[in-house]
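Worksheet for the structure shown next.
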Amino acid sequence: MQVGMIGLGRMGMNMARRLLGGGHGVAAFNRTPQKTKELEAEGGRGAYSLDELRDLLIPPRVIWLMLPAGETVDAHLEELRALLSEGDMIVDGANSDYRDTVRRAKGLAGAGLLFLDAGVSGGIWGLSQGYCLMVGGPEDAFRVVEPAFKTLAPPEGYMYCGPSGAGHFTKMIHNGIEYGLMQAYGEGLALLKASPYGRRMDLAQLAHVWNRGSVVRSWLLELAEAAFTKDPDLTGLGAYVEDSGEGRWTVREAVDLGVSAPVITMSLMERFRSREKNSFSDRVLAALRREFGGHAVSDAEEK
Ligand SMILES: NC(=O)c1ccc[n+]([C@@H]2O[C@H](COP(=O)([O-])OP(=O)(O)OC[C@H]3O[C@@H](n4cnc5c(N)ncnc54)[C@H](OP(=O)(O)O)[C@@H]3O)[C@@H](O)[C@H]2O)c1
C-alpha cells in the first residue's frame with residue numbers, strides 16, 4: 001500500500017524504511033528537507049510541502065504522523081484537514097494524550113476524515129526488530145491500514161484496541177508500566193552495588209545471566225547489559241531522569257479512576273526527585289530536626 005509519512009525523526013525515518021523494505025510505497029514530508037532527500041535516496045518519494053505530499057498519494061490516502069505530541073500534531077492536522085478529501089485516513093503515531101486524540105477524531109470526522117491512533121513501542125530498535133503497535137479508531141480504517149501495521153510490527157505485534165483513543169490510552173498504560181519496571185531495576189541494582197557482594201560485581205554479566213531463564217529477564221535488561229558494557233559504573237551519565245508525559249497521564253488516570261497505582265506513581269516521583277539538587281524539602285527536614293532535637297546539620301556548602 002501507499003503511506004504518506006510526516007516526520008522523519010528517529011522513529012519516522014526508520015518506520016518509513018521498514019515500510020519500504022516491506023514493499024510498500026512511501027511518500028514523505030519532513031520539516032528539514034535534508035532528511036526527505038535521504039529517504040528519496042533510499043527509494044521513497046519526497047514531498048517538500050503538505051500539498052505535494054497530498055498530490056503524491058492516491059485517494060483514499062493514508063497519512064502517518066510521527067511528530068512530537070501536542071501542538072505540532074494539532075497544527076499538522078489543521079493543515080491536513082483543509083488539504084485532504086473525504087475518506088482519507090490519518091494515523092497519529094505520536095505519544096499523544098488519548099484525550100487529545102478523542103477530540104481530534106471528532107473534529108476530523110466532521111470533515112469526513114478517519115483518524116487512527118497508533119501507540120508505537122520499539123524505539124530505535126524498531127527498524128530491525130519491528131514496532132509493537134496498539135491501534136485505536138474506526139475499525140474499518142484499521143482494516144485498510146492493516147497491511148502497513150503488519151509490516152511495521154514483528155509477527156503478532158499489533159492489535160486493534162478499540163475506538164478512538166484506545167491505542168494511545170493503551171500506550172500510556174504501557175509506558176506507565178515501563179516506569180515501574182525501570183525503577184525496580186534501578187533500585188535493585190543500586191542495592192546490589194552498595195553491598196560488599198555487588199561492589200565489584202560485573203553488572204553487564206549479571207544482566208546477561210538474568211536474561212538466561214530468570215523470572216526478571218526482559219529487553220530492558222538486555223539494554224542494561226549494553227549500557228554496563230559501555231560504562232560499567234555509568235560514570236559518564238548525570239543522575240537526571242526526564243519524563244515525557246505518559247507517566248504523568250497514567251498517574252492522572254489512576255486518580256480519576258480511583259485505582260491504586262503506587263509503583264507507577266512513585267516511579268514518576270523518583271524521576272522528579274532525580275532533578276532536584278539541594279532540594280528545599282530536604283532543607284526543611286534538616287531545619288526541623290535541628291529545631292526539635294538540636295540534631296547536626298551540614299553547611300550549605302557541604303550539601
Ligand atoms: N523515540 C522513541 O523511542 C519513541 C518511541 C515511541 C513513540 N515515540 C513518539 O514518536 C514521536 C516522534 O518521536 P521521535 O523520537 O522520532 O522524535 P524526533 O527524533 O525528535 O523527531 C521529531 C520529528 O518531528 C519533526 N518536528 C518536530 N517539531 C516539529 C514542528 N514544530 N514542525 C514540524 N515538524 C516537527 C522533526 O522534524 P525535523 O527533522 O525538522 O527536526 C522530526 O521529523 C513522538 O511523539 C514520540 O513520543 C518515540
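Each chain of the C-alpha cells is named A, B, ... in the order shown, its residues numbered from 1; ligands are numbered from 1 in display order.
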
task = Mind checking which residues fall within 6 Å of A:Gly180, counting only C-alpha atoms, ignoring those fewer than 5 positions away in the same chain, and posting them as a list in words?
result = Val263, Ile264 and Ser267 of chain A

ask   = Please, which residues of stretch 99-272 of chain A, numbered as in this document, come out alpha helix (DSSP H) from DSSP, as a PyMOL selection string?
value = chain A and resi 99-109+126-129+139-152+166-194+203-210+219-230+246-257+262-272

key: Among listed residues A:Pro232, A:Ile63, A:Pro68, A:Leu39, nearest A:Arg200 (using only C-alpha atoms)   = A:Pro232

message = Using only C-alpha atoms for the distances, tell me which of A:Met266, A:Gly157, A:Asp233, A:Met172 is nearest to A:Arg199.
response =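 Comparing A:Met266, A:Gly157, A:Asp233, A:Met172 against A:Arg199, the winner is A:Asp233.
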
query = What residues have any atom no more than 6 Å from ligand 1 when counting only C-alpha atoms and all ligand atoms, and can you list them as number ranges by chain?
reply = A: 7-12, 30-32, 66-69, 72, 94-95, 120-124

message = Give me, as an NGL selection string, all polymer residues having an atom no more than 8 Å from A:Gly137, counting only C-alpha atoms and skipping those fewer than 4 positions away in the same chain.
response = :A and (105 or 114-117 or 141-142 or 162-167)

Same residues, all heavy atoms, output as a PDB file, in the first residue's frame:
```
ATOM      1  N   ALA A 105     -10.250  13.255  16.777  1.00  0.00           N
ATOM      2  CA  ALA A 105     -11.029  12.320  15.934  1.00  0.00           C
ATOM      3  C   ALA A 105     -12.396  12.918  15.626  1.00  0.00           C
ATOM      4  O   ALA A 105     -12.875  12.850  14.484  1.00  0.00           O
ATOM      5  CB  ALA A 105     -11.172  10.977  16.638  1.00  0.00           C
ATOM      6  N   LEU A 114     -10.891   9.990   8.523  1.00  0.00           N
ATOM      7  CA  LEU A 114     -10.852   8.913   9.524  1.00  0.00           C
ATOM      8  C   LEU A 114      -9.529   8.996  10.266  1.00  0.00           C
ATOM      9  O   LEU A 114      -8.460   9.086   9.638  1.00  0.00           O
ATOM     10  CB  LEU A 114     -10.993   7.553   8.822  1.00  0.00           C
ATOM     11  CG  LEU A 114     -12.327   7.394   8.081  1.00  0.00           C
ATOM     12  CD1 LEU A 114     -12.206   6.393   6.946  1.00  0.00           C
ATOM     13  CD2 LEU A 114     -13.410   6.967   9.061  1.00  0.00           C
ATOM     14  N   PHE A 115      -9.611   8.959  11.590  1.00  0.00           N
ATOM     15  CA  PHE A 115      -8.420   9.192  12.404  1.00  0.00           C
ATOM     16  C   PHE A 115      -8.116   7.960  13.247  1.00  0.00           C
ATOM     17  O   PHE A 115      -8.964   7.502  14.015  1.00  0.00           O
ATOM     18  CB  PHE A 115      -8.686  10.410  13.308  1.00  0.00           C
ATOM     19  CG  PHE A 115      -7.483  10.929  14.039  1.00  0.00           C
ATOM     20  CD1 PHE A 115      -6.298  11.202  13.371  1.00  0.00           C
ATOM     21  CD2 PHE A 115      -7.541  11.184  15.405  1.00  0.00           C
ATOM     22  CE1 PHE A 115      -5.187  11.707  14.047  1.00  0.00           C
ATOM     23  CE2 PHE A 115      -6.446  11.693  16.093  1.00  0.00           C
ATOM     24  CZ  PHE A 115      -5.267  11.954  15.407  1.00  0.00           C
ATOM     25  N   LEU A 116      -6.914   7.432  13.073  1.00  0.00           N
ATOM     26  CA  LEU A 116      -6.482   6.279  13.869  1.00  0.00           C
ATOM     27  C   LEU A 116      -5.394   6.719  14.838  1.00  0.00           C
ATOM     28  O   LEU A 116      -4.531   7.535  14.476  1.00  0.00           O
ATOM     29  CB  LEU A 116      -5.916   5.185  12.959  1.00  0.00           C
ATOM     30  CG  LEU A 116      -6.917   4.452  12.061  1.00  0.00           C
ATOM     31  CD1 LEU A 116      -6.175   3.638  10.994  1.00  0.00           C
ATOM     32  CD2 LEU A 116      -7.828   3.545  12.879  1.00  0.00           C
ATOM     33  N   ASP A 117      -5.421   6.192  16.055  1.00  0.00           N
ATOM     34  CA  ASP A 117      -4.343   6.486  16.999  1.00  0.00           C
ATOM     35  C   ASP A 117      -3.519   5.214  17.190  1.00  0.00           C
ATOM     36  O   ASP A 117      -4.065   4.167  17.545  1.00  0.00           O
ATOM     37  CB  ASP A 117      -4.864   7.007  18.339  1.00  0.00           C
ATOM     38  CG  ASP A 117      -6.045   6.232  18.917  1.00  0.00           C
ATOM     39  OD1 ASP A 117      -7.116   6.218  18.265  1.00  0.00           O
ATOM     40  OD2 ASP A 117      -5.901   5.641  20.007  1.00  0.00           O
ATOM     41  N   ALA A 141     -11.223   1.668   9.098  1.00  0.00           N
ATOM     42  CA  ALA A 141      -9.967   2.326   8.708  1.00  0.00           C
ATOM     43  C   ALA A 141      -8.775   1.470   9.146  1.00  0.00           C
ATOM     44  O   ALA A 141      -7.784   1.329   8.418  1.00  0.00           O
ATOM     45  CB  ALA A 141      -9.880   3.714   9.331  1.00  0.00           C
ATOM     46  N   PHE A 142      -8.883   0.861  10.337  1.00  0.00           N
ATOM     47  CA  PHE A 142      -7.814  -0.027  10.812  1.00  0.00           C
ATOM     48  C   PHE A 142      -7.569  -1.137   9.793  1.00  0.00           C
ATOM     49  O   PHE A 142      -6.417  -1.451   9.478  1.00  0.00           O
ATOM     50  CB  PHE A 142      -8.196  -0.621  12.175  1.00  0.00           C
ATOM     51  CG  PHE A 142      -7.314  -1.751  12.615  1.00  0.00           C
ATOM     52  CD1 PHE A 142      -6.087  -1.507  13.231  1.00  0.00           C
ATOM     53  CD2 PHE A 142      -7.695  -3.083  12.414  1.00  0.00           C
ATOM     54  CE1 PHE A 142      -5.263  -2.562  13.632  1.00  0.00           C
ATOM     55  CE2 PHE A 142      -6.881  -4.132  12.810  1.00  0.00           C
ATOM     56  CZ  PHE A 142      -5.664  -3.869  13.421  1.00  0.00           C
ATOM     57  N   GLY A 162      -9.574  -0.760  20.103  1.00  0.00           N
ATOM     58  CA  GLY A 162     -10.917  -0.241  20.346  1.00  0.00           C
ATOM     59  C   GLY A 162     -11.122   1.118  19.692  1.00  0.00           C
ATOM     60  O   GLY A 162     -10.317   1.531  18.851  1.00  0.00           O
ATOM     61  N   PRO A 163     -12.183   1.828  20.070  1.00  0.00           N
ATOM     62  CA  PRO A 163     -12.500   3.102  19.416  1.00  0.00           C
ATOM     63  C   PRO A 163     -11.459   4.186  19.688  1.00  0.00           C
ATOM     64  O   PRO A 163     -10.510   3.976  20.448  1.00  0.00           O
ATOM     65  CB  PRO A 163     -13.852   3.482  20.029  1.00  0.00           C
ATOM     66  CG  PRO A 163     -13.954   2.702  21.282  1.00  0.00           C
ATOM     67  CD  PRO A 163     -13.153   1.461  21.107  1.00  0.00           C
ATOM     68  N   SER A 164     -11.669   5.343  19.090  1.00  0.00           N
ATOM     69  CA  SER A 164     -10.716   6.462  19.195  1.00  0.00           C
ATOM     70  C   SER A 164     -10.164   6.652  20.597  1.00  0.00           C
ATOM     71  O   SER A 164     -10.938   6.745  21.552  1.00  0.00           O
ATOM     72  CB  SER A 164     -11.398   7.763  18.774  1.00  0.00           C
ATOM     73  OG  SER A 164     -11.374   7.844  17.390  1.00  0.00           O
ATOM     74  N   GLY A 165      -8.881   6.744  20.704  1.00  0.00           N
ATOM     75  CA  GLY A 165      -8.221   6.956  21.987  1.00  0.00           C
ATOM     76  C   GLY A 165      -7.706   5.655  22.590  1.00  0.00           C
ATOM     77  O   GLY A 165      -6.773   5.677  23.403  1.00  0.00           O
ATOM     78  N   ALA A 166      -8.282   4.512  22.177  1.00  0.00           N
ATOM     79  CA  ALA A 166      -7.899   3.235  22.812  1.00  0.00           C
ATOM     80  C   ALA A 166      -6.422   2.905  22.589  1.00  0.00           C
ATOM     81  O   ALA A 166      -5.757   2.353  23.473  1.00  0.00           O
ATOM     82  CB  ALA A 166      -8.770   2.097  22.281  1.00  0.00           C
ATOM     83  N   GLY A 167      -5.904   3.257  21.409  1.00  0.00           N
ATOM     84  CA  GLY A 167      -4.490   2.971  21.123  1.00  0.00           C
ATOM     85  C   GLY A 167      -3.576   3.805  22.002  1.00  0.00           C
ATOM     86  O   GLY A 167      -2.645   3.294  22.630  1.00  0.00           O
TER      87      GLY A 167
END
```

ask   = From the set A:Tyr240, A:Tyr48, A:Tyr179, A:Phe169, which residue has the shortest atom-to-atom contact distance to A:Val102, counting only C-alpha atoms?
value =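 Going through A:Tyr240, A:Tyr48, A:Tyr179, A:Phe169 one by one, the smallest distance to A:Val102 is for A:Phe169.
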